[in-house]
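Enquirer: Just passing along the structure, written as structure tokens.
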Amino acid sequence: MEEKGRIILTLKNNVQALNDKLENIVVGCQQKDIRAQKDLYDLMGSKMFGICLRYAGNRDDAQDILQEGFLKTFEKIHQFEFKGSFEGWMRRIFVNTALEKYRVQYTIINIQDGGWREGSENSFDSITDAITAKEMVLLIEELSPKYRTVFNLYAIEGYSHKEISDLLGISEGTSKSNLSRARIILQEKIKQLYHNDLRVGVR
């Protein structure tokens with residue numbers, strides 16, 4: 001028990017040290033310190049790139065969003081008042097940057113419910129349990145922009161359909177339909193992935 005207590009205390013101290021470091025970096029960035037800006041990029045760059053990649057679908061576009069997102073972060077960082085999570089605040093900037101890019105590049109088509117029906121949450125969750133997070137990210141990247149965007153916002157970022165409709169300028173019904181279609185496509189991709197794996201195994 002004493003050993004466990006020491007481990008927990010060490011972890012808490014490490015988290016506090018990281019928070020203190022981040023706070024100092026943010027203060028430096030608010031003062032337009034170039035070294036602090038580099039430190040923020042080094043500290044948060046990989047996390048933010050992961051977000052960019054989920055929306056972009058390829059590394060070149062993700063890199064463009066990353067650079068633009070950091071520029072916007074440095075421009076707006078004086079607005080951060082140290083209330084709540086800085087990472088969450090920064091994350092919203094990058095998500096919005098990605099959305100702005102793809103609002104210009106494509107029009108989200110209004111998909112009628114037609115032959116598609118809302119997939120079961122349980123069936124989708126059960127099929128995705130079989131793959132790794134890395135595999136899932138790669139499959140999401142293969143979705144078309146309109147499906148990928150809604151799926152990311154709903155399933156990963158935690159936005160409601162009402163919030164998505166406001167962000168993208170679409171109806172809640174379209175948001176739900178796009179999510180449903182994204183789930184169906186991902187289910188088929190996962191089945192195909194494991195069907196191919198099994199065939200390779202048989203050989």
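Residue numbers start at 1 in each chain; chains themselves are named A, B, ... in the order of the structure tokens; ligands are numbered from 1 in the order shown.
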For Lys76 (chain A), work out the shell of residues within 12 Å, counting only C-alpha atoms and skipping chain neighbours fewer than 2 positions away, then give it as a PyMOL selection string.
Expert: chain A and resi 26+29-32+69-74+78-81+89-90+92-93
Enquirer: Please produce a file of those selected residues containing N, CA and C atoms, as a PDB file, in the first residue's frame.
Expert:
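Final output, part.pdb:
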ATOM      1  N   VAL A  26       2.229  29.180 -21.815  1.00  0.00           N
ATOM      2  CA  VAL A  26       1.093  29.983 -22.273  1.00  0.00           C
ATOM      3  C   VAL A  26       1.316  31.459 -21.957  1.00  0.00           C
ATOM      4  N   CYS A  29       3.722  32.798 -24.394  1.00  0.00           N
ATOM      5  CA  CYS A  29       3.101  33.005 -25.704  1.00  0.00           C
ATOM      6  C   CYS A  29       2.222  34.256 -25.705  1.00  0.00           C
ATOM      7  N   GLN A  30       1.556  34.522 -24.590  1.00  0.00           N
ATOM      8  CA  GLN A  30       0.733  35.733 -24.494  1.00  0.00           C
ATOM      9  C   GLN A  30       1.592  36.993 -24.566  1.00  0.00           C
ATOM     10  N   GLN A  31       2.860  36.828 -24.194  1.00  0.00           N
ATOM     11  CA  GLN A  31       3.806  37.947 -24.276  1.00  0.00           C
ATOM     12  C   GLN A  31       4.585  37.926 -25.601  1.00  0.00           C
ATOM     13  N   LYS A  32       4.131  37.048 -26.518  1.00  0.00           N
ATOM     14  CA  LYS A  32       4.724  36.918 -27.859  1.00  0.00           C
ATOM     15  C   LYS A  32       6.198  36.504 -27.816  1.00  0.00           C
ATOM     16  N   GLY A  69      -3.592  26.184 -37.681  1.00  0.00           N
ATOM     17  CA  GLY A  69      -4.133  26.115 -36.327  1.00  0.00           C
ATOM     18  C   GLY A  69      -3.220  26.759 -35.307  1.00  0.00           C
ATOM     19  N   PHE A  70      -1.913  26.546 -35.442  1.00  0.00           N
ATOM     20  CA  PHE A  70      -0.971  27.169 -34.509  1.00  0.00           C
ATOM     21  C   PHE A  70      -0.927  28.679 -34.700  1.00  0.00           C
ATOM     22  N   LEU A  71      -1.007  29.133 -35.944  1.00  0.00           N
ATOM     23  CA  LEU A  71      -1.037  30.578 -36.187  1.00  0.00           C
ATOM     24  C   LEU A  71      -2.245  31.212 -35.495  1.00  0.00           C
ATOM     25  N   LYS A  72      -3.398  30.549 -35.612  1.00  0.00           N
ATOM     26  CA  LYS A  72      -4.608  31.066 -34.965  1.00  0.00           C
ATOM     27  C   LYS A  72      -4.487  31.001 -33.442  1.00  0.00           C
ATOM     28  N   THR A  73      -3.851  29.933 -32.959  1.00  0.00           N
ATOM     29  CA  THR A  73      -3.650  29.809 -31.508  1.00  0.00           C
ATOM     30  C   THR A  73      -2.815  30.965 -30.985  1.00  0.00           C
ATOM     31  N   PHE A  74      -1.719  31.276 -31.668  1.00  0.00           N
ATOM     32  CA  PHE A  74      -0.852  32.381 -31.232  1.00  0.00           C
ATOM     33  C   PHE A  74      -1.567  33.727 -31.340  1.00  0.00           C
ATOM     34  N   HIS A  78      -4.082  35.368 -26.244  1.00  0.00           N
ATOM     35  CA  HIS A  78      -4.311  36.392 -25.218  1.00  0.00           C
ATOM     36  C   HIS A  78      -5.736  36.309 -24.669  1.00  0.00           C
ATOM     37  N   GLN A  79      -6.635  35.613 -25.402  1.00  0.00           N
ATOM     38  CA  GLN A  79      -8.015  35.476 -24.948  1.00  0.00           C
ATOM     39  C   GLN A  79      -8.179  34.393 -23.887  1.00  0.00           C
ATOM     40  N   PHE A  80      -7.179  33.509 -23.767  1.00  0.00           N
ATOM     41  CA  PHE A  80      -7.269  32.434 -22.771  1.00  0.00           C
ATOM     42  C   PHE A  80      -7.069  33.013 -21.373  1.00  0.00           C
ATOM     43  N   GLU A  81      -8.030  32.749 -20.488  1.00  0.00           N
ATOM     44  CA  GLU A  81      -8.032  33.358 -19.156  1.00  0.00           C
ATOM     45  C   GLU A  81      -7.700  32.374 -18.038  1.00  0.00           C
ATOM     46  N   TRP A  89      -9.283  24.173 -24.913  1.00  0.00           N
ATOM     47  CA  TRP A  89      -9.441  25.451 -25.607  1.00  0.00           C
ATOM     48  C   TRP A  89      -8.708  25.419 -26.951  1.00  0.00           C
ATOM     49  N   MET A  90      -7.500  24.892 -26.928  1.00  0.00           N
ATOM     50  CA  MET A  90      -6.667  24.815 -28.133  1.00  0.00           C
ATOM     51  C   MET A  90      -7.257  23.824 -29.129  1.00  0.00           C
ATOM     52  N   ARG A  92     -10.347  23.096 -29.667  1.00  0.00           N
ATOM     53  CA  ARG A  92     -11.484  23.686 -30.379  1.00  0.00           C
ATOM     54  C   ARG A  92     -11.017  24.561 -31.542  1.00  0.00           C
ATOM     55  N   ILE A  93      -9.902  25.255 -31.348  1.00  0.00           N
ATOM     56  CA  ILE A  93      -9.359  26.075 -32.426  1.00  0.00           C
ATOM     57  C   ILE A  93      -8.979  25.198 -33.612  1.00  0.00           C
TER      58      ILE A  93
END
Enquirer: Rounded to one decimal place, report the CA of Phe49 (chain A)-CA of Arg91 (chain A) distance in Å.
Expert: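 The value is 10.4 Å.
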Enquirer: Which of these, A:Leu53, A:Met44, A:Ile190, A:Ile77, has the shortest distance to Pro145 (chain A) once you count only C-alpha atoms?
Expert: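 Looking only at the distances to Pro145 (chain A), the closest residue turns out to be A:Leu53.
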Enquirer: Compare A:Asp64, A:Glu188, A:Glu135, A:Asp166 by their minimum atom-to-atom distance to Val150 (chain A), counting only C-alpha atoms, and give me the closest one.
Expert: A:Asp166
Enquirer: Which is closest to Ser85 (chain A) among A:Glu23, A:Ala155, A:Leu138, A:Ile51, if we use only C-alpha atoms?
Expert: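 Among the listed residues, A:Glu23 lies closest to Ser85 (chain A).
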Enquirer: How far is it from CA of Ile185 (chain A) to CA of Gln63 (chain A), in Å with one decimal?
Expert: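 Going from CA of Ile185 (chain A) over to CA of Gln63 (chain A) covers 26.1 Å.
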